[in-house]
Amino acid sequence: MEDWNEKCAIVGVYNVPNASILSYYALFAMQHRGQEASGISASNGKKIATHKQMGLVTKVFDAPTLKKLQGNSSIGHNRYSTAGEDSIDECQPIFARYSLGEMALAHNGNLTNAKEVRTRLIEDGAIFQSHLDTENIIHLIAKSPKKSLTNRIVDALEQIQGAYALVFLSRTKMFAVRDRYGLRPLSLGQITNPDGSMGYIVASETCAFDLIGATYIRDLAPGEMLVFEGAYSQHNTTPKSLQIFTPQPKFCIFEYVYFARPDSKVFGKNVYEIRKQMGIELAKEHKIQADMVIPVPDSGVAAAIGYSRESGIPFELGIIRNHYVGRTFIEPTQSARELKVKLKLNPIAAIIAGKEIIIIDDSIVRGTTSKQIIKILRQAGAKKIHLFISSPPTISPCYYGVDTPDVSELICANHSLEEVRDFIGADSLAFLSLSGLQKSIHHDDDNHQGFCQACFDGNYIIT
Ligand code: AMP
Ligand code: SF4
């Protein structure tokens, strides 16, 4: 398995005037999925222009750069990665010229046979410009003997394994594809242009649609490819759908636990409602007496509301978050991570002092965040601190595109519940069970679609 982890957001906009502006707003809405780099490619029908750079969306783009990205179609990417070089070569979209013209590609996910494919391509004479798995796909398309780009993409995807949500841009078309498991999310939305014609958007999360006024139509099916071509002038014209692989749904359960924004619909369901239900299930499984329930902001808020509602214990915002710091997880060294927790979170001593409190967070990865939070809560005078987590212990790393550390760093993979409790310094520690997590997702229906939950049970669907 590759150790190159890439956790990102992608967007594609088709048949909309100034498509790059919509991609920009969509990437802004999905900033939480990747803060390291951002990029947009746009086509005016004759040529593709690309701008990409390290940094946040608002830093990477300004009015003059967006003006250079002209045309009615565009794709974009936010990069989230702790591995690899801080180089423009590692940013997406990847652009290439090949025998059929020009193409740009943006990828969310992680390919599991990337090393083998790359070695084969290099032995055949290919020259790579980056460490990205994604570059394999470009080479496979360029080398494919098939005539049309559609068939070349299919040909390339038949040779790769792993998780991907992809958007391709050619000078006149756009393609969107999800792997056969549907591991990474990808939704389709519609935009009515000022002249009444139809535009389309595909994005990792539907919060992108809300910002630009697009209407959610549906998720792409696992193994489905959408082909956008021509102009959509009629209301009933829809992009061509090709089921290129037999669907074997294994949606990433961790999107619901942590990654997606609560206002997004992911895998057809609202994330906030599921997170709240996770708190309700947590309260059913672990009910104790305490003075208040406090979320770790923002990751534990929805679950804490659910816990409070089910248990009857009052909800308090006992920890205040400084929103201008960025995510702690992306810091490379342990000490920097610890400092960042303090920079980010500050307890309200006036309501915590002398109280027995339940702290709710979504997950424990290394345990560093939790340990620091318990420490600052003790300093603020809490009498007793119970840490309740609204997902099961994270015991296995993700190889499908979520940036998790090596198994040796996953505290719950290497220590008993009691050892973890002792390390983080809580008076008690409890996790939601895996069946409780599944119940939270299916609380309002019987549609038990398949989920990947390998980070909680170690059952990898692709090796
Ligand atoms: P840790 O201190 O390593 O246990 O980090 C746990 C915190 O990181 C939790 O509050 C989560 O909200 C958050 N978290 C969980 N998984 C990830 C991830 N893959 N990337 C970034 N943050 C994460
Ligand atoms: Fe998602 Fe976990 Fe599966 Fe990775 S291993 S795809 S994080 S459920």
# chains A, B, ... in the order shown; residues from 1 in each chain; ligands from 1
>>> residues_near_ligand(ligand="ligand 1", cutoff="8 Å", atoms="only C-alpha atoms and all ligand atoms", output="PyMOL selection string")
chain A and resi 258-259+296+298-300+327-330+361-371+402-404+410-411
>>> write_last_selection(atoms="N, CA, C and O atoms", output="short mmCIF file (atom, residue, chain, number, x, y, z; two decimals), in the first residue's frame")
data_model
loop_
_atom_site.label_atom_id
_atom_site.label_comp_id
_atom_site.auth_asym_id
_atom_site.auth_seq_id
_atom_site.Cartn_x
_atom_site.Cartn_y
_atom_site.Cartn_z
N TYR A 258 -16.01 12.97 11.25
CA TYR A 258 -15.18 14.16 11.39
C TYR A 258 -15.10 15.06 10.18
O TYR A 258 -15.22 16.29 10.29
N PHE A 259 -14.86 14.48 8.99
CA PHE A 259 -14.38 15.33 7.91
C PHE A 259 -15.37 16.32 7.32
O PHE A 259 -15.06 17.47 7.11
N VAL A 296 -16.07 19.68 22.61
CA VAL A 296 -14.83 20.25 22.09
C VAL A 296 -15.23 20.96 20.80
O VAL A 296 -15.77 20.34 19.90
N ASP A 298 -14.86 22.69 17.12
CA ASP A 298 -16.24 22.54 16.72
C ASP A 298 -16.60 21.06 16.56
O ASP A 298 -17.76 20.73 16.37
N SER A 299 -15.58 20.21 16.65
CA SER A 299 -15.76 18.80 16.27
C SER A 299 -16.77 18.05 17.13
O SER A 299 -17.39 17.10 16.66
N GLY A 300 -16.97 18.47 18.39
CA GLY A 300 -17.87 17.70 19.26
C GLY A 300 -19.25 18.33 19.46
O GLY A 300 -20.07 17.81 20.22
N ARG A 327 -6.08 24.15 11.67
CA ARG A 327 -6.25 22.84 12.30
C ARG A 327 -4.96 22.31 12.90
O ARG A 327 -3.91 22.39 12.30
N THR A 328 -5.06 21.78 14.10
CA THR A 328 -3.86 21.31 14.78
C THR A 328 -3.23 20.11 14.11
O THR A 328 -2.04 19.95 14.13
N PHE A 329 -4.06 19.25 13.53
CA PHE A 329 -3.59 17.98 13.01
C PHE A 329 -2.52 18.14 11.93
O PHE A 329 -1.71 17.26 11.73
N ILE A 330 -2.52 19.26 11.26
CA ILE A 330 -1.60 19.43 10.13
C ILE A 330 -0.19 19.83 10.57
O ILE A 330 0.70 19.90 9.77
N ASP A 361 -16.03 14.74 22.29
CA ASP A 361 -15.31 15.00 21.04
C ASP A 361 -15.63 13.88 20.06
O ASP A 361 -16.19 12.85 20.44
N ASP A 362 -15.26 14.09 18.80
CA ASP A 362 -15.66 13.13 17.77
C ASP A 362 -14.73 11.92 17.69
O ASP A 362 -15.16 10.84 17.33
N SER A 363 -13.44 12.12 17.98
CA SER A 363 -12.51 10.99 17.82
C SER A 363 -11.24 11.25 18.59
O SER A 363 -10.91 12.38 18.94
N ILE A 364 -10.53 10.13 18.87
CA ILE A 364 -9.18 10.25 19.43
C ILE A 364 -8.25 9.62 18.41
O ILE A 364 -8.46 8.49 17.98
N VAL A 365 -7.23 10.36 18.00
CA VAL A 365 -6.29 9.83 17.02
C VAL A 365 -4.97 9.55 17.76
O VAL A 365 -4.68 8.43 18.15
N ARG A 366 -4.19 10.59 17.99
CA ARG A 366 -2.96 10.40 18.77
C ARG A 366 -3.20 10.58 20.28
O ARG A 366 -2.40 10.15 21.09
N GLY A 367 -4.25 11.27 20.61
CA GLY A 367 -4.55 11.52 22.01
C GLY A 367 -4.01 12.85 22.50
O GLY A 367 -4.30 13.28 23.62
N THR A 368 -3.25 13.53 21.69
CA THR A 368 -2.61 14.79 22.10
C THR A 368 -3.63 15.88 22.41
O THR A 368 -3.50 16.59 23.42
N THR A 369 -4.62 16.00 21.52
CA THR A 369 -5.62 17.06 21.71
C THR A 369 -6.36 16.83 23.02
O THR A 369 -6.49 17.74 23.86
N SER A 370 -6.85 15.61 23.20
CA SER A 370 -7.62 15.29 24.41
C SER A 370 -6.81 15.55 25.67
O SER A 370 -7.31 16.12 26.64
N LYS A 371 -5.56 15.15 25.66
CA LYS A 371 -4.71 15.31 26.85
C LYS A 371 -4.58 16.80 27.21
O LYS A 371 -4.72 17.18 28.39
N VAL A 402 -7.86 9.57 3.67
CA VAL A 402 -7.98 10.40 4.87
C VAL A 402 -6.62 10.39 5.56
O VAL A 402 -6.01 9.34 5.73
N ASP A 403 -6.15 11.56 5.90
CA ASP A 403 -4.81 11.67 6.44
C ASP A 403 -4.78 11.25 7.90
O ASP A 403 -5.15 12.01 8.78
N THR A 404 -4.36 10.02 8.14
CA THR A 404 -4.22 9.54 9.52
C THR A 404 -2.77 9.12 9.73
O THR A 404 -2.10 8.71 8.79
N LEU A 410 -1.28 5.73 16.57
CA LEU A 410 -2.69 5.70 16.95
C LEU A 410 -2.79 5.16 18.37
O LEU A 410 -2.60 3.97 18.60
N ILE A 411 -3.10 6.04 19.30
CA ILE A 411 -3.01 5.65 20.72
C ILE A 411 -3.90 4.45 21.05
O ILE A 411 -3.49 3.55 21.79
#
>>> select_by_dssp(residues="region 145-386 of chain A", states="strand (DSSP E or B)", output="PyMOL selection string")
chain A and resi 162-170+173-178+187-192+198-203+215-219+224-229+232+240-243+251-252+265-266+269-270+292-295+315+319-321+345-347+356-361+384-386
>>> residues_near_ligand(ligand="ligand 2", cutoff="10 Å", atoms="only C-alpha atoms and all ligand atoms", output="NGL selection string")
:A and (7 or 109-110 or 162-163 or 181-184 or 250-259 or 394-404 or 451-462)
>>> select_by_dssp(residues="region 54-138 of chain A", states="alpha helix (DSSP H)", output="list of chain:residue names")
A:Val57, A:Thr58, A:Lys59, A:Val60, A:Ala63, A:Pro64, A:Thr65, A:Leu66, A:Lys67, A:Lys68, A:Ala114, A:Lys115, A:Glu116, A:Val117, A:Arg118, A:Thr119, A:Arg120, A:Leu121, A:Ile122, A:Glu123, A:Thr134, A:Glu135, A:Asn136, A:Ile137, A:Ile138
>>> write_last_selection(atoms="C-alpha atoms", output="mmCIF file, in the first residue's frame")
data_model
loop_
_atom_site.group_PDB
_atom_site.id
_atom_site.type_symbol
_atom_site.label_atom_id
_atom_site.label_comp_id
_atom_site.auth_asym_id
_atom_site.auth_seq_id
_atom_site.Cartn_x
_atom_site.Cartn_y
_atom_site.Cartn_z
ATOM 1 C CA VAL A 57 -8.132 29.656 -1.229
ATOM 2 C CA THR A 58 -8.345 33.359 -0.402
ATOM 3 C CA LYS A 59 -4.559 33.655 -0.556
ATOM 4 C CA VAL A 60 -4.126 31.685 -3.766
ATOM 5 C CA ALA A 63 -9.495 39.082 -8.968
ATOM 6 C CA PRO A 64 -6.650 39.315 -11.525
ATOM 7 C CA THR A 65 -5.780 35.584 -11.268
ATOM 8 C CA LEU A 66 -9.422 34.564 -11.605
ATOM 9 C CA LYS A 67 -9.788 36.829 -14.609
ATOM 10 C CA LYS A 68 -7.063 34.857 -16.368
ATOM 11 C CA ALA A 114 0.172 3.640 -7.307
ATOM 12 C CA LYS A 115 3.737 2.401 -6.728
ATOM 13 C CA GLU A 116 3.394 -0.566 -9.077
ATOM 14 C CA VAL A 117 1.767 1.512 -11.802
ATOM 15 C CA ARG A 118 4.368 4.264 -11.485
ATOM 16 C CA THR A 119 7.257 1.767 -11.621
ATOM 17 C CA ARG A 120 5.784 0.194 -14.749
ATOM 18 C CA LEU A 121 5.293 3.602 -16.379
ATOM 19 C CA ILE A 122 8.848 4.707 -15.515
ATOM 20 C CA GLU A 123 10.261 1.446 -16.913
ATOM 21 C CA THR A 134 -2.802 11.290 -9.652
ATOM 22 C CA GLU A 135 -0.030 11.758 -12.169
ATOM 23 C CA ASN A 136 -0.278 8.022 -12.952
ATOM 24 C CA ILE A 137 -3.749 8.592 -14.324
ATOM 25 C CA ILE A 138 -2.557 11.337 -16.676
#
>>> closest_residue(among="A:Ile348, A:Ala283, A:Leu69, A:Cys207", to="Asn44 (chain A)", atoms="only C-alpha atoms")
A:Leu69
>>> closest_residue(among="A:Thr150, A:Ser435, A:Ser187, A:Thr215", to="Gly12 (chain A)", atoms="only C-alpha atoms")
A:Ser187
>>> atom_distance(atom1="CA of Leu211 (chain A)", atom2="CA of Gly45 (chain A)")
26.1 Å
>>> closest_residue(among="A:Asp179, A:Glu205, A:Asp155, A:Glu310", to="Gly279 (chain A)", atoms="only C-alpha atoms")
A:Glu310
>>> residues_around(residues="Ala260 (chain A)", least_positions_apart="4", cutoff="10 Å", atoms="only C-alpha atoms", output="PyMOL selection string")
chain A and resi 30+32-33+185+204-207+254-256+264-266+270-272
>>> atom_distance(atom1="CA of Asp210 (chain A)", atom2="CA of Tyr24 (chain A)")
13.5 Å
>>> decode(residues="region 51-77 of chain A", atoms="N, CA and C atoms", output="mmCIF file, in the first residue's frame")
data_model
loop_
_atom_site.group_PDB
_atom_site.id
_atom_site.type_symbol
_atom_site.label_atom_id
_atom_site.label_comp_id
_atom_site.auth_asym_id
_atom_site.auth_seq_id
_atom_site.Cartn_x
_atom_site.Cartn_y
_atom_site.Cartn_z
ATOM 1 N N HIS A 51 -4.207 27.925 -12.524
ATOM 2 C CA HIS A 51 -3.476 28.660 -11.496
ATOM 3 C C HIS A 51 -3.538 27.842 -10.213
ATOM 4 N N LYS A 52 -2.390 27.565 -9.612
ATOM 5 C CA LYS A 52 -2.357 26.806 -8.357
ATOM 6 C C LYS A 52 -1.174 27.262 -7.517
ATOM 7 N N GLN A 53 -1.334 27.141 -6.218
ATOM 8 C CA GLN A 53 -0.308 27.687 -5.318
ATOM 9 C C GLN A 53 -0.520 27.086 -3.928
ATOM 10 N N MET A 54 0.512 27.130 -3.104
ATOM 11 C CA MET A 54 0.366 26.717 -1.710
ATOM 12 C C MET A 54 -0.465 27.771 -0.982
ATOM 13 N N GLY A 55 -1.271 27.331 0.001
ATOM 14 C CA GLY A 55 -1.986 28.302 0.823
ATOM 15 C C GLY A 55 -3.497 28.168 0.734
ATOM 16 N N LEU A 56 -4.172 29.000 1.507
ATOM 17 C CA LEU A 56 -5.627 28.986 1.548
ATOM 18 C C LEU A 56 -6.211 29.581 0.270
ATOM 19 N N VAL A 57 -7.462 29.216 -0.006
ATOM 20 C CA VAL A 57 -8.132 29.656 -1.229
ATOM 21 C C VAL A 57 -8.065 31.174 -1.393
ATOM 22 N N THR A 58 -8.319 31.888 -0.311
ATOM 23 C CA THR A 58 -8.345 33.359 -0.402
ATOM 24 C C THR A 58 -6.959 33.944 -0.653
ATOM 25 N N LYS A 59 -5.923 33.179 -0.301
ATOM 26 C CA LYS A 59 -4.559 33.655 -0.556
ATOM 27 C C LYS A 59 -4.131 33.320 -1.987
ATOM 28 N N VAL A 60 -4.570 32.171 -2.457
ATOM 29 C CA VAL A 60 -4.126 31.685 -3.766
ATOM 30 C C VAL A 60 -4.748 32.493 -4.912
ATOM 31 N N PHE A 61 -6.019 32.895 -4.719
ATOM 32 C CA PHE A 61 -6.722 33.576 -5.811
ATOM 33 C C PHE A 61 -7.087 35.005 -5.449
ATOM 34 N N ASP A 62 -6.965 35.881 -6.435
ATOM 35 C CA ASP A 62 -7.517 37.229 -6.312
ATOM 36 C C ASP A 62 -8.192 37.569 -7.645
ATOM 37 N N ALA A 63 -8.737 38.733 -7.757
ATOM 38 C CA ALA A 63 -9.495 39.082 -8.968
ATOM 39 C C ALA A 63 -8.662 38.936 -10.246
ATOM 40 N N PRO A 64 -7.428 39.464 -10.289
ATOM 41 C CA PRO A 64 -6.650 39.315 -11.525
ATOM 42 C C PRO A 64 -6.372 37.847 -11.902
ATOM 43 N N THR A 65 -6.065 36.993 -10.913
ATOM 44 C CA THR A 65 -5.780 35.584 -11.268
ATOM 45 C C THR A 65 -7.047 34.905 -11.785
ATOM 46 N N LEU A 66 -8.172 35.194 -11.158
ATOM 47 C CA LEU A 66 -9.422 34.564 -11.605
ATOM 48 C C LEU A 66 -9.802 35.046 -13.002
ATOM 49 N N LYS A 67 -9.462 36.272 -13.285
ATOM 50 C CA LYS A 67 -9.788 36.829 -14.609
ATOM 51 C C LYS A 67 -9.032 36.100 -15.723
ATOM 52 N N LYS A 68 -7.857 35.602 -15.373
ATOM 53 C CA LYS A 68 -7.063 34.857 -16.368
ATOM 54 C C LYS A 68 -7.640 33.465 -16.617
ATOM 55 N N LEU A 69 -8.479 32.992 -15.684
ATOM 56 C CA LEU A 69 -9.052 31.638 -15.813
ATOM 57 C C LEU A 69 -10.417 31.741 -16.474
ATOM 58 N N GLN A 70 -10.397 32.009 -17.761
ATOM 59 C CA GLN A 70 -11.664 32.279 -18.441
ATOM 60 C C GLN A 70 -12.301 31.023 -19.010
ATOM 61 N N GLY A 71 -13.622 31.104 -19.189
ATOM 62 C CA GLY A 71 -14.317 30.025 -19.876
ATOM 63 C C GLY A 71 -15.517 29.523 -19.107
ATOM 64 N N ASN A 72 -16.274 28.649 -19.784
ATOM 65 C CA ASN A 72 -17.524 28.143 -19.210
ATOM 66 C C ASN A 72 -17.368 26.843 -18.443
ATOM 67 N N SER A 73 -16.161 26.306 -18.396
ATOM 68 C CA SER A 73 -15.970 25.087 -17.606
ATOM 69 C C SER A 73 -14.692 25.215 -16.797
ATOM 70 N N SER A 74 -14.716 24.625 -15.614
ATOM 71 C CA SER A 74 -13.507 24.680 -14.790
ATOM 72 C C SER A 74 -13.537 23.565 -13.752
ATOM 73 N N ILE A 75 -12.355 23.192 -13.287
ATOM 74 C CA ILE A 75 -12.259 22.239 -12.183
ATOM 75 C C ILE A 75 -11.341 22.845 -11.122
ATOM 76 N N GLY A 76 -11.478 22.380 -9.880
ATOM 77 C CA GLY A 76 -10.645 22.925 -8.818
ATOM 78 C C GLY A 76 -10.344 21.899 -7.753
ATOM 79 N N HIS A 77 -9.381 22.251 -6.904
ATOM 80 C CA HIS A 77 -8.876 21.294 -5.926
ATOM 81 C C HIS A 77 -8.330 22.019 -4.697
#
